[in-house]
file input-v8.cif (mmCIF, C-alpha atoms)
data_query
loop_
_atom_site.label_atom_id
_atom_site.label_comp_id
_atom_site.auth_asym_id
_atom_site.auth_seq_id
_atom_site.Cartn_x
_atom_site.Cartn_y
_atom_site.Cartn_z
CA MET C 1 35.99 -59.75 -5.51
CA PRO C 2 32.41 -58.63 -4.74
CA THR C 3 31.55 -57.92 -1.10
CA GLN C 4 28.59 -59.55 0.61
CA CYS C 5 26.61 -56.30 0.23
CA THR C 6 27.41 -56.18 -3.50
CA LYS C 7 26.30 -59.77 -3.90
CA ARG C 8 22.94 -58.96 -2.33
CA TYR C 9 22.55 -55.98 -4.70
CA LEU C 10 23.45 -58.04 -7.73
CA SER C 11 20.98 -60.72 -6.72
CA LEU C 12 18.00 -58.30 -6.64
CA PRO C 13 15.40 -59.20 -9.26
CA ALA C 14 14.98 -56.85 -12.22
CA LEU C 15 12.02 -54.46 -11.86
CA PRO C 16 9.25 -54.74 -14.46
CA LEU C 17 9.48 -52.03 -17.14
CA PRO C 18 5.99 -50.60 -16.43
CA LEU C 19 6.94 -50.12 -12.77
CA VAL C 20 10.18 -48.38 -13.74
CA LEU C 21 8.31 -46.05 -16.10
CA SER C 22 5.72 -45.26 -13.42
CA PHE C 23 8.49 -44.44 -10.99
CA LEU C 24 10.13 -42.09 -13.49
CA VAL C 25 6.82 -40.33 -14.14
CA PHE C 26 6.38 -39.91 -10.37
CA LEU C 27 9.82 -38.27 -10.16
CA LEU C 28 9.03 -35.89 -13.03
CA ILE C 29 5.66 -34.69 -11.68
CA PRO C 30 7.18 -32.00 -9.36
CA PHE C 31 9.24 -30.68 -12.29
CA TYR C 32 6.18 -30.24 -14.48
CA GLN C 33 4.16 -28.80 -11.62
CA ALA C 34 6.91 -26.24 -10.95
CA LYS C 35 6.86 -25.20 -14.61
CA ALA C 36 3.06 -24.97 -14.61
CA ALA C 37 3.13 -22.85 -11.44
CA SER C 38 5.55 -20.23 -12.74
CA LEU C 39 5.03 -16.76 -11.22
CA GLY C 40 2.10 -15.03 -12.84
CA SER C 41 0.29 -18.23 -13.73
CA VAL C 42 -3.19 -19.22 -12.57
CA ASP C 43 -1.70 -21.50 -9.89
CA ASN C 44 0.92 -18.94 -8.80
CA PRO C 45 -0.57 -15.47 -9.38
CA ILE C 46 1.10 -12.13 -8.78
CA ARG C 47 0.12 -11.09 -5.25
CA MET C 48 -0.98 -7.44 -5.22
CA MET C 49 -1.82 -5.68 -1.95
CA PHE C 50 -3.39 -2.29 -1.21
CA VAL C 51 -3.12 -0.09 1.88
CA PRO C 52 -6.40 0.44 3.82
CA SER C 53 -6.51 4.23 3.31
CA GLY C 54 -10.26 4.30 2.63
CA ASP C 55 -13.20 1.90 2.65
CA SER C 56 -11.45 -1.49 2.52
CA GLN C 57 -14.34 -3.19 0.73
CA VAL C 58 -14.38 -0.55 -2.02
CA ILE C 59 -10.59 -0.71 -2.35
CA LEU C 60 -10.70 -4.51 -2.65
CA GLU C 61 -13.50 -4.46 -5.21
CA LYS C 62 -11.83 -1.83 -7.42
CA GLY C 63 -8.41 -3.43 -6.90
CA GLN C 64 -9.80 -6.69 -8.25
CA LYS C 65 -11.17 -4.81 -11.23
CA ILE C 66 -7.74 -3.32 -11.94
CA ALA C 67 -6.25 -6.82 -11.72
CA ARG C 68 -8.80 -8.18 -14.20
CA MET C 69 -7.94 -5.40 -16.66
CA LEU C 70 -4.22 -6.08 -16.25
CA GLU C 71 -4.48 -9.78 -17.04
CA PRO C 72 -5.15 -9.58 -20.82
CA VAL C 73 -2.65 -6.72 -21.18
CA THR C 74 0.23 -8.40 -19.32
CA GLY C 75 -0.55 -12.10 -19.77
CA LEU C 76 -0.22 -12.43 -15.98
CA HIS C 77 -2.71 -13.52 -13.33
CA PHE C 78 -3.22 -11.59 -10.09
CA LYS C 79 -4.51 -12.12 -6.57
CA THR C 80 -5.47 -8.90 -4.78
CA SER C 81 -5.96 -8.09 -1.10
CA VAL C 82 -6.20 -5.14 1.29
CA ALA C 83 -3.85 -5.07 4.27
CA THR C 84 -4.95 -4.54 7.87
CA SER C 85 -2.46 -1.67 8.24
CA TYR C 86 0.06 0.32 6.21
CA ALA C 87 2.99 -1.43 7.91
CA ALA C 88 1.51 -4.85 7.09
CA VAL C 89 2.01 -4.23 3.37
CA ILE C 90 5.65 -3.28 3.92
CA GLU C 91 6.39 -6.38 6.00
CA ALA C 92 4.56 -8.66 3.56
CA MET C 93 6.69 -7.32 0.71
CA GLY C 94 9.85 -7.74 2.78
CA ALA C 95 8.91 -11.35 3.53
CA GLY C 96 8.27 -12.06 -0.16
CA LYS C 97 4.57 -12.69 0.48
CA VAL C 98 3.43 -9.74 -1.66
CA ASP C 99 4.82 -8.94 -5.12
CA ILE C 100 3.19 -5.57 -5.81
CA GLY C 101 2.26 -3.04 -3.13
CA TRP C 102 0.19 0.09 -3.58
CA LEU C 103 2.10 2.03 -0.94
CA ALA C 104 1.40 5.37 0.72
CA THR C 105 4.27 7.86 0.43
CA LEU C 106 5.96 7.26 3.79
CA SER C 107 5.27 3.54 3.45
CA TYR C 108 7.28 3.53 0.22
CA VAL C 109 10.17 5.42 1.80
CA LEU C 110 10.30 3.00 4.74
CA ALA C 111 9.94 -0.06 2.50
CA LYS C 112 12.70 1.23 0.23
CA GLU C 113 15.06 1.79 3.16
CA LYS C 114 14.40 -1.54 4.89
CA TYR C 115 13.62 -3.93 2.03
CA ASP C 116 14.89 -2.13 -1.08
CA VAL C 117 11.56 -2.32 -2.90
CA ASP C 118 11.46 -1.03 -6.46
CA LEU C 119 9.39 2.00 -7.42
CA LEU C 120 7.30 1.24 -10.50
CA LEU C 121 4.96 4.22 -10.74
CA ILE C 122 3.86 7.37 -8.90
CA VAL C 123 0.20 8.26 -8.63
CA VAL C 124 -1.11 11.45 -10.27
CA ARG C 125 -4.17 13.26 -8.97
CA PHE C 126 -5.71 16.35 -10.57
CA GLY C 127 -2.78 16.45 -13.00
CA SER C 128 -0.12 16.58 -10.25
CA PRO C 129 2.22 14.03 -8.63
CA PHE C 130 1.91 16.03 -5.38
CA TYR C 131 -0.82 16.53 -2.79
CA ARG C 132 -1.22 18.01 0.71
CA GLY C 133 -2.28 16.91 4.15
CA GLN C 134 -4.73 18.93 6.21
CA ILE C 135 -5.85 19.33 9.82
CA MET C 136 -9.62 19.57 10.29
CA VAL C 137 -12.02 20.42 13.12
CA ARG C 138 -15.78 20.66 13.51
CA ALA C 139 -17.07 23.96 12.16
CA ASP C 140 -18.88 24.72 15.42
CA SER C 141 -15.91 23.86 17.67
CA GLY C 142 -14.54 27.40 18.10
CA ILE C 143 -11.11 26.06 17.06
CA ASN C 144 -9.50 28.26 14.41
CA THR C 145 -5.72 27.81 14.70
CA LEU C 146 -3.24 25.06 15.49
CA ALA C 147 -2.53 26.74 18.84
CA ASP C 148 -6.22 26.26 19.73
CA LEU C 149 -5.70 22.48 19.59
CA LYS C 150 -3.69 22.40 22.82
CA GLY C 151 -5.21 19.86 25.21
CA LYS C 152 -7.70 18.61 22.58
CA THR C 153 -8.22 15.10 21.18
CA MET C 154 -6.67 14.34 17.79
CA ALA C 155 -7.25 11.60 15.23
CA PHE C 156 -4.52 10.52 12.81
CA VAL C 157 -4.92 7.92 10.06
CA ASP C 158 -2.15 5.36 10.55
CA PRO C 159 1.44 5.52 11.87
CA ALA C 160 2.73 5.04 8.30
CA SER C 161 0.35 7.56 6.68
CA THR C 162 2.14 10.57 5.21
CA SER C 163 -0.70 13.09 4.92
CA GLY C 164 -2.62 11.62 7.85
CA HIS C 165 0.28 11.46 10.34
CA LEU C 166 3.85 12.31 9.29
CA TYR C 167 3.35 15.72 7.67
CA PRO C 168 0.69 17.04 10.10
CA LYS C 169 2.94 16.13 13.03
CA ALA C 170 5.93 17.74 11.33
CA LEU C 171 3.80 20.87 10.72
CA LEU C 172 2.89 21.05 14.42
CA LYS C 173 6.50 20.60 15.45
CA GLU C 174 7.69 23.30 13.05
CA GLN C 175 5.24 25.72 14.69
CA GLY C 176 6.59 24.98 18.16
CA HIS C 177 4.05 22.38 19.31
CA ASN C 178 5.33 19.00 20.51
CA PRO C 179 2.81 16.56 18.95
CA GLU C 180 3.58 13.95 21.61
CA THR C 181 2.46 16.17 24.52
CA PHE C 182 0.35 18.84 22.81
CA PHE C 183 -2.91 16.84 22.77
CA SER C 184 -4.86 15.33 25.66
CA LYS C 185 -5.31 12.17 23.57
CA THR C 186 -4.38 10.92 20.09
CA VAL C 187 -5.86 7.97 18.21
CA PHE C 188 -5.27 6.22 14.90
CA ALA C 189 -8.58 5.90 13.07
CA GLY C 190 -7.22 3.45 10.47
CA SER C 191 -8.27 5.31 7.32
CA HIS C 192 -8.79 8.85 6.01
CA ASN C 193 -12.55 8.26 5.81
CA ALA C 194 -12.61 7.12 9.44
CA VAL C 195 -10.90 10.34 10.57
CA VAL C 196 -13.66 12.44 9.00
CA LEU C 197 -16.38 10.20 10.44
CA SER C 198 -14.83 10.53 13.90
CA LEU C 199 -15.10 14.30 13.55
CA LEU C 200 -18.69 14.15 12.31
CA LYS C 201 -19.65 11.96 15.28
CA GLY C 202 -17.91 14.28 17.74
CA GLU C 203 -15.56 11.52 18.91
CA VAL C 204 -12.48 13.74 18.49
CA ASP C 205 -11.80 17.48 18.36
CA ALA C 206 -9.50 17.41 15.33
CA GLY C 207 -8.26 15.09 12.63
CA ALA C 208 -5.56 14.84 9.98
CA ALA C 209 -6.07 13.44 6.48
CA TYR C 210 -5.31 14.20 2.86
CA ASP C 211 -6.55 17.37 1.18
CA GLY C 212 -9.74 16.40 -0.62
CA ILE C 213 -11.01 13.81 1.84
CA ARG C 214 -14.19 15.80 2.48
CA ALA C 215 -15.09 15.59 -1.21
CA ALA C 216 -14.42 11.84 -1.09
CA VAL C 217 -16.95 11.25 1.70
CA ALA C 218 -19.48 13.91 0.63
CA LYS C 219 -21.42 11.41 -1.48
CA SER C 220 -22.36 9.48 1.65
CA PHE C 221 -22.23 12.45 4.06
CA PRO C 222 -23.20 15.61 2.13
CA GLU C 223 -23.20 17.65 5.34
CA VAL C 224 -19.43 17.24 5.71
CA PHE C 225 -18.55 20.60 4.11
CA ASN C 226 -20.83 22.45 6.52
CA LYS C 227 -19.81 20.52 9.62
CA VAL C 228 -16.05 20.06 9.09
CA LYS C 229 -13.59 22.83 8.29
CA VAL C 230 -9.85 22.92 7.54
CA ILE C 231 -7.60 25.04 9.77
CA ALA C 232 -4.17 24.16 8.33
CA TYR C 233 -2.50 22.57 5.32
CA THR C 234 0.85 20.80 5.14
CA PRO C 235 3.51 21.47 2.49
CA GLU C 236 3.22 19.48 -0.74
CA ILE C 237 3.83 15.73 -0.53
CA PRO C 238 4.82 13.34 -3.31
CA ASN C 239 1.88 11.09 -4.16
CA ASP C 240 1.66 7.40 -3.24
CA THR C 241 3.22 4.66 -5.33
CA VAL C 242 2.95 1.31 -6.99
CA SER C 243 6.04 -0.64 -5.91
CA ALA C 244 7.50 -4.12 -6.42
CA ARG C 245 9.23 -6.36 -3.91
CA LYS C 246 12.97 -6.85 -4.22
CA GLY C 247 13.80 -9.76 -6.49
CA LEU C 248 10.65 -9.66 -8.60
CA PRO C 249 11.86 -10.54 -12.14
CA LEU C 250 12.51 -7.52 -14.33
CA GLU C 251 10.33 -8.89 -17.13
CA ILE C 252 7.34 -9.11 -14.79
CA LYS C 253 7.96 -5.62 -13.35
CA ASN C 254 8.11 -4.14 -16.84
CA LYS C 255 4.89 -5.90 -17.88
CA ILE C 256 3.03 -4.60 -14.83
CA ARG C 257 4.41 -1.06 -15.17
CA GLU C 258 3.49 -0.79 -18.84
CA GLY C 259 0.18 -2.56 -18.26
CA LEU C 260 -0.86 -0.08 -15.56
CA LYS C 261 0.19 2.88 -17.70
CA TYR C 262 -1.88 1.47 -20.54
CA ILE C 263 -5.08 0.88 -18.56
CA ALA C 264 -4.70 4.31 -16.90
CA LYS C 265 -5.38 5.79 -20.34
CA THR C 266 -8.54 3.76 -21.03
CA PRO C 267 -11.99 4.98 -19.92
CA GLU C 268 -12.63 1.86 -17.84
CA GLY C 269 -9.15 1.98 -16.30
CA LYS C 270 -9.46 5.66 -15.43
CA LYS C 271 -12.74 4.98 -13.68
CA ALA C 272 -11.35 2.08 -11.63
CA LEU C 273 -8.22 4.00 -10.58
CA LYS C 274 -10.31 7.00 -9.55
CA GLN C 275 -12.61 4.80 -7.49
CA VAL C 276 -9.85 2.88 -5.71
CA TYR C 277 -7.69 5.84 -4.56
CA GLY C 278 -8.88 8.92 -6.48
CA ILE C 279 -6.11 8.37 -9.05
CA SER C 280 -6.16 10.30 -12.33
CA GLY C 281 -2.89 8.95 -13.79
CA LEU C 282 0.40 7.13 -13.19
CA VAL C 283 3.98 8.30 -13.89
CA ASP C 284 7.58 7.12 -13.32
CA LEU C 285 10.22 8.63 -10.80
CA ASP C 286 11.83 8.48 -7.16
CA ALA C 287 13.54 11.80 -6.32
CA PHE C 288 10.13 13.22 -5.35
CA PHE C 289 10.51 11.35 -2.06
CA ASP C 290 13.54 13.20 -0.64
CA PRO C 291 11.31 15.71 1.25
CA VAL C 292 9.50 12.78 2.90
CA ARG C 293 12.82 11.27 3.99
CA ASP C 294 13.79 14.64 5.50
CA ALA C 295 10.47 14.93 7.37
CA SER C 296 10.72 11.37 8.72
CA ARG C 297 14.26 12.07 9.98
CA VAL C 298 13.06 15.24 11.77
CA LEU C 299 10.59 13.11 13.74
CA GLY C 300 12.99 10.18 14.09
CA LEU C 301 10.55 7.79 12.43
CA ASN C 302 11.40 4.34 11.09
CA LEU C 303 9.49 1.12 10.51
CA GLU C 304 10.45 -0.33 13.90
CA THR C 305 9.05 2.64 15.89
CA LEU C 306 5.87 2.71 13.79
CA SER C 307 5.24 -1.02 14.27
CA ARG C 308 5.35 -0.90 18.09
#
call {"tool": "encode", "arguments": {"input": "input-v8.cif", "output": "structure tokens"}}
result
Amino acid sequence: MPTQCTKRYLSLPALPLPLVLSFLVFLLIPFYQAKAASLGSVDNPIRMMFVPSGDSQVILEKGQKIARMLEPVTGLHFKTSVATSYAAVIEAMGAGKVDIGWLATLSYVLAKEKYDVDLLLIVVRFGSPFYRGQIMVRADSGINTLADLKGKTMAFVDPASTSGHLYPKALLKEQGHNPETFFSKTVFAGSHNAVVLSLLKGEVDAGAAYDGIRAAVAKSFPEVFNKVKVIAYTPEIPNDTVSARKGLPLEIKNKIREGLKYIAKTPEGKKALKQVYGISGLVDLDAFFDPVRDASRVLGLNLETLSR
């Protein structure tokens, strides 16, 4: 026997067919929108972020050019940006807010350890997947050795910069100088270019950056080779990387990896890669990074200490 509630239900008037159809269409809209907004589509582009190792505006402009060249090759759409710091890229990838990160060497190691990012490609410069860091001073400073830096002011690039922080500090420590107490003051300039400019302006006594930074800024400051000299080089460092966040679909990772390798061989692609980070090529691999892991352990560095 029907209950009172059932009777009320059975007594409801039938809905007009057009209203029913409209309701069904309303229910299906999110489904079609989800399909239309699949990752890599115009409405849901691949989010690609760069570290601010040089002039952020130049990096953004050339990064956008790389993205435009990738689109016809991969069939994917991209949205590019430049982070405010090296650590910001790592955290954005860990939070799933960035799909592809152009990570500095130590940044990759830290991101791999904390968020298990996937290495797609290693940068090649001047035909090599390795580079060096260097410590520079003003040519007229009277400073000629690392020992002469005691009590001086020092500029590093960023806490997560390999050539502009990790390796120079490790070099100092290996030579018996505690980098935490050796200088009267240390600062993070934010980029390799900014370190050199700080030296040119006389704001600091010494600075650390990658080998070749003087050539990179010489176009705007041709006096740099006469006014800034190198007093020490670090051991070789594996180059920076292009990495993918954990969970990015394999098909998309493969498309981006192969797409970047393809454009790196084209005249236009070579030019854009050179302008964004001085890149001359891209290769696969991860074992190159074991020396960086060893150096970071010597200094007791991890993402938490660098983010403080």
call {"tool": "resolve_selection", "arguments": {"input": "input-v8.cif", "expression": "the PyMOL selection byres ((chain C and resi 118) around 8)", "output": "PyMOL selection string"}}
result
chain C and resi 112+116-117+119-120+243-246
call {"tool": "closest_residue", "arguments": {"input": "input-v8.cif", "among": "C:Gly259, C:Gly207, C:Gly278, C:Gly75", "to": "C:Phe156", "atoms": "only C-alpha atoms"}}
result
C:Gly207
call {"tool": "atom_distance", "arguments": {"input": "input-v8.cif", "atom1": "atom CA of C:Gly202", "atom2": "atom CA of C:Ser141"}}
result
9.8 Å
call {"tool": "atom_distance", "arguments": {"input": "input-v8.cif", "atom1": "atom CA of C:Thr234", "atom2": "atom CA of C:Ala147"}}
result
15.3 Å
call {"tool": "atom_distance", "arguments": {"input": "input-v8.cif", "atom1": "atom CA of C:Asn226", "atom2": "atom CA of C:Thr186"}}
result
24.2 Å
call {"tool": "resolve_selection", "arguments": {"input": "input-v8.cif", "expression": "the PyMOL selection byres ((chain C and resi 290-295) around 12)", "output": "ChimeraX atom specification"}}
result
/C:104-113,130,160-163,165-171,173-174,234-240,285-289,296-302
call {"tool": "resolve_selection", "arguments": {"input": "input-v8.cif", "expression": "the PyMOL selection byres ((chain C and resi 277) around 10)", "output": "NGL selection string"}}
result
:C and (50-51 or 53-55 or 58-59 or 62-63 or 102 or 123 or 125 or 216 or 240 or 272-276 or 278-280)
call {"tool": "axis_aligned_box", "arguments": {"input": "input-v8.cif", "around": "stretch 166-173 of chain C", "padding_each_side": "5 Å", "output": "JSON"}}
result
{"center_x": 3.6, "center_y": 16.7, "center_z": 11.6, "size_x": 15.8, "size_y": 18.7, "size_z": 17.8}
call {"tool": "residues_around", "arguments": {"input": "input-v8.cif", "residues": "C:Thr153", "least_positions_apart": "2", "cutoff": "12 Å", "atoms": "all atoms listed in the file", "output": "VMD selection string"}}
result
chain C and resid 136 to 137 148 to 151 155 to 156 179 to 188 195 198 to 199 202 to 208
call {"tool": "closest_residue", "arguments": {"input": "input-v8.cif", "among": "C:Ala83, C:Val73, C:His192, C:Glu268", "to": "C:Val217", "atoms": "only C-alpha atoms"}}
result
C:His192
call {"tool": "residues_around", "arguments": {"input": "input-v8.cif", "residues": "C:Thr74", "least_positions_apart": "6", "cutoff": "9 Å", "atoms": "all atoms listed in the file", "output": "PyMOL selection string"}}
result
chain C and resi 252+255-256+258-259
call {"tool": "closest_residue", "arguments": {"input": "input-v8.cif", "among": "C:Gly190, C:Val157, C:Thr305, C:Asn254", "to": "C:Ser56", "atoms": "only C-alpha atoms"}}
result
C:Gly190
call {"tool": "closest_residue", "arguments": {"input": "input-v8.cif", "among": "C:Lys219, C:Arg47, C:Lys97, C:Lys152", "to": "C:Leu76", "atoms": "only C-alpha atoms"}}
result
C:Arg47
